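Structure data follow from entry.cif (mmCIF, C-alpha atoms):
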data_coords
#
loop_
_atom_site.label_atom_id
_atom_site.label_comp_id
_atom_site.auth_asym_id
_atom_site.auth_seq_id
_atom_site.Cartn_x
_atom_site.Cartn_y
_atom_site.Cartn_z
CA MET A 1 241.14 164.90 255.65
CA THR A 2 241.05 161.13 255.83
CA ALA A 3 238.14 159.27 257.39
CA ASP A 4 240.14 158.46 260.54
CA ALA A 5 241.66 161.93 260.95
CA PRO A 6 240.33 163.94 263.89
CA PRO A 7 238.20 166.99 263.10
CA VAL A 8 240.04 170.29 262.94
CA VAL A 9 238.79 173.06 265.19
CA LEU A 10 239.80 176.70 264.74
CA ARG A 11 239.98 178.74 267.94
CA ARG A 12 241.66 181.82 269.35
CA ALA A 13 245.07 181.13 270.79
CA GLU A 14 245.52 181.47 274.52
CA PRO A 15 248.76 182.26 276.39
CA ALA A 16 249.12 178.53 277.19
CA ASP A 17 249.29 177.85 273.42
CA ALA A 18 252.43 179.96 272.89
CA ALA A 19 254.87 177.05 272.95
CA THR A 20 252.89 174.98 270.44
CA VAL A 21 252.29 178.02 268.23
CA ALA A 22 256.06 178.54 268.18
CA ASP A 23 256.58 174.84 267.41
CA VAL A 24 254.28 175.06 264.37
CA TYR A 25 255.91 178.28 263.19
CA LEU A 26 259.44 176.90 263.50
CA ALA A 27 258.63 173.48 261.99
CA SER A 28 257.07 175.13 258.97
CA ILE A 29 259.83 177.72 258.54
CA HIS A 30 262.62 175.14 258.83
CA ALA A 31 260.88 172.78 256.38
CA THR A 32 260.26 175.54 253.82
CA TYR A 33 263.36 177.74 253.72
CA ASP A 34 267.03 176.96 253.41
CA PHE A 35 268.28 180.47 254.19
CA PRO A 36 269.22 181.43 257.75
CA LEU A 37 266.54 183.01 259.88
CA ALA A 38 267.09 186.43 261.38
CA HIS A 39 266.40 185.08 264.89
CA SER A 40 267.28 181.95 266.82
CA ASP A 41 264.59 179.43 267.72
CA ASP A 42 264.71 180.65 271.34
CA GLU A 43 264.23 184.26 270.22
CA VAL A 44 261.26 183.19 268.10
CA ARG A 45 259.74 181.38 271.07
CA GLY A 46 260.12 184.52 273.19
CA TRP A 47 258.54 186.68 270.48
CA VAL A 48 255.59 184.29 270.10
CA ALA A 49 254.98 184.20 273.87
CA GLY A 50 255.66 187.88 274.52
CA HIS A 51 254.13 189.49 271.45
CA LEU A 52 252.40 187.33 268.87
CA VAL A 53 249.92 185.43 271.05
CA PRO A 54 249.06 188.23 273.50
CA ALA A 55 249.21 191.25 271.16
CA GLU A 56 247.86 190.03 267.82
CA GLU A 57 244.67 188.23 266.91
CA THR A 58 246.23 184.78 266.87
CA TRP A 59 244.34 181.61 265.97
CA VAL A 60 245.20 177.93 266.12
CA ALA A 61 243.91 174.90 264.28
CA GLU A 62 243.67 171.97 266.63
CA ALA A 63 243.12 168.32 265.70
CA GLY A 64 242.93 165.60 268.30
CA GLY A 65 244.41 167.88 270.94
CA GLN A 66 247.39 168.86 268.75
CA VAL A 67 247.92 172.35 267.32
CA VAL A 68 248.56 171.71 263.61
CA ALA A 69 248.51 175.27 262.25
CA MET A 70 248.48 178.89 263.35
CA MET A 71 247.46 182.25 261.93
CA ALA A 72 247.98 185.76 263.27
CA LEU A 73 246.02 188.71 261.97
CA ASP A 74 247.08 192.32 262.29
CA ALA A 75 245.21 195.44 261.18
CA ALA A 76 246.23 194.98 257.52
CA GLY A 77 245.60 191.27 257.23
CA ILE A 78 247.46 188.01 257.60
CA ASP A 79 250.70 188.60 259.50
CA GLN A 80 251.58 184.90 259.94
CA LEU A 81 250.07 181.67 258.61
CA TYR A 82 251.92 178.40 259.13
CA VAL A 83 250.84 174.77 258.88
CA LEU A 84 252.77 171.75 260.13
CA PRO A 85 254.38 170.07 257.10
CA ASP A 86 252.38 166.84 257.58
CA TRP A 87 249.15 168.86 257.54
CA ILE A 88 249.75 170.82 254.32
CA GLY A 89 247.12 170.04 251.70
CA ARG A 90 244.39 169.07 254.19
CA GLY A 91 242.41 172.31 253.92
CA VAL A 92 243.55 173.91 257.17
CA GLY A 93 245.21 176.87 255.45
CA SER A 94 242.11 177.41 253.30
CA ARG A 95 239.96 177.51 256.41
CA PHE A 96 242.28 180.10 257.92
CA VAL A 97 242.10 182.26 254.78
CA ALA A 98 238.30 182.07 254.87
CA LEU A 99 238.38 183.10 258.53
CA ALA A 100 240.75 185.99 257.74
CA LYS A 101 238.40 187.21 254.99
CA GLU A 102 235.52 187.02 257.46
CA ARG A 103 237.48 188.91 260.14
CA ARG A 104 238.84 191.53 257.69
CA PRO A 105 235.99 191.82 255.14
CA ASP A 106 237.27 195.08 253.62
CA GLY A 107 240.44 193.44 252.33
CA LEU A 108 243.66 191.74 253.34
CA GLU A 109 247.36 192.13 252.78
CA LEU A 110 250.17 189.71 253.44
CA TYR A 111 253.81 189.16 252.59
CA THR A 112 255.54 185.96 251.61
CA PHE A 113 259.02 185.29 250.34
CA GLN A 114 259.31 185.13 246.56
CA VAL A 115 260.98 181.70 246.73
CA ASN A 116 257.91 180.19 248.44
CA ASP A 117 256.15 179.02 245.28
CA ARG A 118 253.74 176.80 247.22
CA ALA A 119 252.50 179.72 249.34
CA ARG A 120 252.28 182.00 246.32
CA ARG A 121 250.13 179.50 244.40
CA PHE A 122 247.99 178.96 247.50
CA TYR A 123 247.28 182.66 248.00
CA GLU A 124 246.66 183.24 244.30
CA ARG A 125 244.09 180.38 244.32
CA HIS A 126 242.35 182.24 247.12
CA GLY A 127 242.05 185.47 245.14
CA PHE A 128 245.15 187.31 246.31
CA VAL A 129 246.99 189.38 243.70
CA ALA A 130 250.69 190.27 243.79
CA ALA A 131 250.83 194.02 244.40
CA ALA A 132 254.54 194.69 244.94
CA PHE A 133 257.84 192.85 244.83
CA GLY A 134 260.58 193.68 247.33
CA ASP A 135 264.32 193.15 247.08
CA GLY A 136 264.69 191.94 250.67
CA SER A 137 265.63 195.31 252.16
CA GLY A 138 262.25 195.47 253.92
CA ASN A 139 262.52 192.28 255.97
CA GLU A 140 264.93 190.97 258.58
CA GLU A 141 265.98 187.93 256.57
CA GLY A 142 267.06 190.11 253.62
CA GLN A 143 265.10 187.86 251.23
CA PRO A 144 263.10 189.10 248.23
CA ASP A 145 259.44 189.15 249.14
CA VAL A 146 256.07 189.81 247.56
CA LEU A 147 253.13 191.78 248.92
CA TYR A 148 249.78 190.18 248.17
CA ARG A 149 246.39 191.86 248.41
CA TRP A 150 242.85 190.51 248.46
CA GLN A 151 239.89 192.79 247.86
CA PRO A 152 236.29 191.59 248.16
#
Could you render the structure from this file as structure tokens?
Amino acid sequence: MTADAPPVVLRRAEPADAATVADVYLASIHATYDFPLAHSDDEVRGWVAGHLVPAEETWVAEAGGQVVAMMALDAAGIDQLYVLPDWIGRGVGSRFVALAKERRPDGLELYTFQVNDRARRFYERHGFVAAAFGDGSGNEEGQPDVLYRWQP
């Protein structure tokens, strides 16, 4: 974080955050992957508003009144973690991982796509170990993925 950057605050997402949570999710997805998504942007927005924010433990990182990252936890661990492209490398994702470890102290699981080298290096730096590699038949995008686990 630069000296003039606003402080980043982590807080639980509220229903009013759904649109900005979807914006972060979509901006990150579109900047990271070149394969087609399984759902349209409008379908993603509906899923975020109708399921992700109200049904999962969803968090936002806010800086200067702007949501710059989001994380959703499910029973097994990190279901979603996305950071706006301009905010990658500023420690927001690391703060979310620390929060996830605090909220799920017995261990965490998460999936990422195998082609996402940046995410894979990030999770491995935070103590996650690749536990299984999928061929894409287990996700809607049909893309090879990797299951990561963290154990305390």
>> Rounded to one decimal, what separation in Å do you get between CA of Glu109 (chain A) and CA of Pro152 (chain A)?
In response: 12.0 Å
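If you measure from each of A:His51, A:Phe122, A:Glu14, A:Asp34 to Gly89 (chain A) using all atoms listed in the file, the closest one turns out to be A:Phe122.
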Considering only C-alpha atoms, return as a tab-separated table (two decimals) with C-alpha atoms, in the frame of the given file whatever protein or nucleic-acid residues lie within 12 Å of Gly138 (chain A), sequence-local ones (same chain, fewer than 6 positions apart) excluded.
chain	number	residue	atom	x	y	z
A	111	TYR	CA	253.81	189.16	252.59
A	112	THR	CA	255.54	185.96	251.61
A	113	PHE	CA	259.02	185.29	250.34
A	132	ALA	CA	254.54	194.69	244.94
A	144	PRO	CA	263.10	189.10	248.23
A	145	ASP	CA	259.44	189.15	249.14
A	146	VAL	CA	256.07	189.81	247.56
A	147	LEU	CA	253.13	191.78	248.92
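Taking CA of Leu99 (chain A) and CA of Gly46 (chain A) as endpoints, the distance between them is 26.3 Å.
Note that the spacing between CA of His30 (chain A) and CA of Leu73 (chain A) amounts to 21.7 Å.
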> Skipping near chain neighbours, those fewer than 5 positions away, what residues fall within 12 Å of Gln151 (chain A) using all atoms listed in the file, listed as a PyMOL selection string?
Replying inline: chain A and resi 76-77+101+104-109+126-131
>> Excluding Met70 (chain A) and its own-chain neighbours fewer than 5 positions away, which residues fall within 6 Å of it when counting only C-alpha atoms? Please give them as an MDAnalysis selection string.
In response: chainID A and resid 59:60 81:82
>> Nearest residue to Leu26 (chain A) out of A:Val9, A:Val83, A:Val97, A:Gln114, using only C-alpha atoms?
In response: A:Val83
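Applied to this file, the PyMOL selection byres ((chain A and resi 15) around 9) selects A:Ala13, A:Glu14, A:Ala16, A:Asp17, A:Ala18, A:Ala19, A:Ala49, A:Val53, A:Pro54.
Minimum distance to Arg118 (chain A) across A:Thr20, A:Thr32, A:Ser137, A:Ser94 (counting only C-alpha atoms) occurs at A:Thr32.
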> Once the PyMOL selection byres ((chain A and resi 38) around 9) has been applied to the shown file, what residues remain in the selection, as a PyMOL selection string?
Replying inline: chain A and resi 36-37+39-40+140-142
>> Take the PyMOL selection byres ((chain A and resi 84) around 10), run it mentally on this structure, and tell me the resulting residues as an NGL selection string.
In response: :A and (23-29 or 31 or 67-70 or 82-83 or 85-88 or 92)
>> Using all atoms listed in the file for the distances, tell me which of A:Glu124, A:Arg12, A:Arg149, A:Leu110 is nearest to Ala61 (chain A).
In response: A:Arg12
Step by step, gather every atom of region 135-142 of chain A that the file lists, find the box along x, y and z that holds them, add 5 Å on each side, and finally give centre and edge lengths in Å to one decimal, as lines of an AutoDock Vina configuration file.
center_x = 264.7
center_y = 191.7
center_z = 252.8
size_x = 14.8
size_y = 17.5
size_z = 21.5
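Nearest to Phe96 (chain A) of all the residues A:Ala5, A:Ala119, A:Ala63, A:Met71 is A:Met71, based on all atoms listed in the file.
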Is it possible to add N, CA, C and O atoms to region 55-77 of chain A and hand it back as a PDB file, keeping the file's coordinate frame?
ATOM      1  N   ALA A  55     249.437 189.927 271.754  1.00  0.00           N
ATOM      2  CA  ALA A  55     249.210 191.250 271.160  1.00  0.00           C
ATOM      3  C   ALA A  55     248.494 191.223 269.815  1.00  0.00           C
ATOM      4  O   ALA A  55     247.935 192.231 269.402  1.00  0.00           O
ATOM      5  N   GLU A  56     248.538 190.111 269.108  1.00  0.00           N
ATOM      6  CA  GLU A  56     247.860 190.030 267.820  1.00  0.00           C
ATOM      7  C   GLU A  56     246.677 189.083 267.939  1.00  0.00           C
ATOM      8  O   GLU A  56     246.567 188.323 268.899  1.00  0.00           O
ATOM      9  N   GLU A  57     245.806 189.150 266.961  1.00  0.00           N
ATOM     10  CA  GLU A  57     244.670 188.230 266.910  1.00  0.00           C
ATOM     11  C   GLU A  57     245.195 186.905 266.359  1.00  0.00           C
ATOM     12  O   GLU A  57     245.274 186.707 265.155  1.00  0.00           O
ATOM     13  N   THR A  58     245.588 186.030 267.256  1.00  0.00           N
ATOM     14  CA  THR A  58     246.230 184.780 266.870  1.00  0.00           C
ATOM     15  C   THR A  58     245.242 183.627 267.031  1.00  0.00           C
ATOM     16  O   THR A  58     244.525 183.532 268.022  1.00  0.00           O
ATOM     17  N   TRP A  59     245.233 182.767 266.018  1.00  0.00           N
ATOM     18  CA  TRP A  59     244.340 181.610 265.970  1.00  0.00           C
ATOM     19  C   TRP A  59     245.150 180.341 265.836  1.00  0.00           C
ATOM     20  O   TRP A  59     246.256 180.360 265.280  1.00  0.00           O
ATOM     21  N   VAL A  60     244.595 179.245 266.315  1.00  0.00           N
ATOM     22  CA  VAL A  60     245.200 177.930 266.120  1.00  0.00           C
ATOM     23  C   VAL A  60     244.184 176.998 265.497  1.00  0.00           C
ATOM     24  O   VAL A  60     242.972 177.172 265.651  1.00  0.00           O
ATOM     25  N   ALA A  61     244.709 176.024 264.767  1.00  0.00           N
ATOM     26  CA  ALA A  61     243.910 174.900 264.280  1.00  0.00           C
ATOM     27  C   ALA A  61     244.340 173.708 265.090  1.00  0.00           C
ATOM     28  O   ALA A  61     245.526 173.377 265.141  1.00  0.00           O
ATOM     29  N   GLU A  62     243.373 173.077 265.726  1.00  0.00           N
ATOM     30  CA  GLU A  62     243.670 171.970 266.630  1.00  0.00           C
ATOM     31  C   GLU A  62     242.954 170.715 266.128  1.00  0.00           C
ATOM     32  O   GLU A  62     241.793 170.767 265.738  1.00  0.00           O
ATOM     33  N   ALA A  63     243.681 169.614 266.116  1.00  0.00           N
ATOM     34  CA  ALA A  63     243.120 168.320 265.700  1.00  0.00           C
ATOM     35  C   ALA A  63     243.554 167.271 266.713  1.00  0.00           C
ATOM     36  O   ALA A  63     244.758 167.089 266.929  1.00  0.00           O
ATOM     37  N   GLY A  64     242.606 166.634 267.330  1.00  0.00           N
ATOM     38  CA  GLY A  64     242.930 165.600 268.300  1.00  0.00           C
ATOM     39  C   GLY A  64     243.800 166.076 269.427  1.00  0.00           C
ATOM     40  O   GLY A  64     244.674 165.347 269.902  1.00  0.00           O
ATOM     41  N   GLY A  65     243.618 167.321 269.851  1.00  0.00           N
ATOM     42  CA  GLY A  65     244.410 167.880 270.940  1.00  0.00           C
ATOM     43  C   GLY A  65     245.763 168.425 270.531  1.00  0.00           C
ATOM     44  O   GLY A  65     246.509 168.912 271.372  1.00  0.00           O
ATOM     45  N   GLN A  66     246.103 168.365 269.248  1.00  0.00           N
ATOM     46  CA  GLN A  66     247.390 168.860 268.750  1.00  0.00           C
ATOM     47  C   GLN A  66     247.160 170.114 267.919  1.00  0.00           C
ATOM     48  O   GLN A  66     246.290 170.139 267.042  1.00  0.00           O
ATOM     49  N   VAL A  67     247.950 171.158 268.161  1.00  0.00           N
ATOM     50  CA  VAL A  67     247.920 172.350 267.320  1.00  0.00           C
ATOM     51  C   VAL A  67     248.671 172.013 266.034  1.00  0.00           C
ATOM     52  O   VAL A  67     249.848 171.638 266.073  1.00  0.00           O
ATOM     53  N   VAL A  68     247.983 172.108 264.898  1.00  0.00           N
ATOM     54  CA  VAL A  68     248.560 171.710 263.610  1.00  0.00           C
ATOM     55  C   VAL A  68     248.814 172.896 262.694  1.00  0.00           C
ATOM     56  O   VAL A  68     249.462 172.748 261.652  1.00  0.00           O
ATOM     57  N   ALA A  69     248.303 174.075 263.064  1.00  0.00           N
ATOM     58  CA  ALA A  69     248.510 175.270 262.250  1.00  0.00           C
ATOM     59  C   ALA A  69     248.214 176.492 263.104  1.00  0.00           C
ATOM     60  O   ALA A  69     247.551 176.403 264.144  1.00  0.00           O
ATOM     61  N   MET A  70     248.722 177.637 262.642  1.00  0.00           N
ATOM     62  CA  MET A  70     248.480 178.890 263.350  1.00  0.00           C
ATOM     63  C   MET A  70     248.353 180.025 262.340  1.00  0.00           C
ATOM     64  O   MET A  70     248.881 179.954 261.238  1.00  0.00           O
ATOM     65  N   MET A  71     247.596 181.045 262.737  1.00  0.00           N
ATOM     66  CA  MET A  71     247.460 182.250 261.930  1.00  0.00           C
ATOM     67  C   MET A  71     247.375 183.441 262.864  1.00  0.00           C
ATOM     68  O   MET A  71     246.681 183.387 263.882  1.00  0.00           O
ATOM     69  N   ALA A  72     248.073 184.508 262.521  1.00  0.00           N
ATOM     70  CA  ALA A  72     247.980 185.760 263.270  1.00  0.00           C
ATOM     71  C   ALA A  72     247.521 186.850 262.315  1.00  0.00           C
ATOM     72  O   ALA A  72     248.061 186.983 261.206  1.00  0.00           O
ATOM     73  N   LEU A  73     246.528 187.592 262.751  1.00  0.00           N
ATOM     74  CA  LEU A  73     246.020 188.710 261.970  1.00  0.00           C
ATOM     75  C   LEU A  73     246.454 190.015 262.628  1.00  0.00           C
ATOM     76  O   LEU A  73     246.433 190.137 263.853  1.00  0.00           O
ATOM     77  N   ASP A  74     246.845 190.972 261.798  1.00  0.00           N
ATOM     78  CA  ASP A  74     247.080 192.320 262.290  1.00  0.00           C
ATOM     79  C   ASP A  74     246.070 193.226 261.595  1.00  0.00           C
ATOM     80  O   ASP A  74     245.156 192.744 260.917  1.00  0.00           O
ATOM     81  N   ALA A  75     246.201 194.525 261.744  1.00  0.00           N
ATOM     82  CA  ALA A  75     245.210 195.440 261.180  1.00  0.00           C
ATOM     83  C   ALA A  75     245.111 195.323 259.657  1.00  0.00           C
ATOM     84  O   ALA A  75     244.022 195.449 259.091  1.00  0.00           O
ATOM     85  N   ALA A  76     246.224 195.045 258.983  1.00  0.00           N
ATOM     86  CA  ALA A  76     246.230 194.980 257.520  1.00  0.00           C
ATOM     87  C   ALA A  76     245.815 193.631 256.969  1.00  0.00           C
ATOM     88  O   ALA A  76     245.386 193.531 255.827  1.00  0.00           O
ATOM     89  N   GLY A  77     245.957 192.584 257.759  1.00  0.00           N
ATOM     90  CA  GLY A  77     245.600 191.270 257.230  1.00  0.00           C
ATOM     91  C   GLY A  77     246.333 190.142 257.905  1.00  0.00           C
ATOM     92  O   GLY A  77     246.504 190.129 259.118  1.00  0.00           O
TER      93      GLY A  77
END
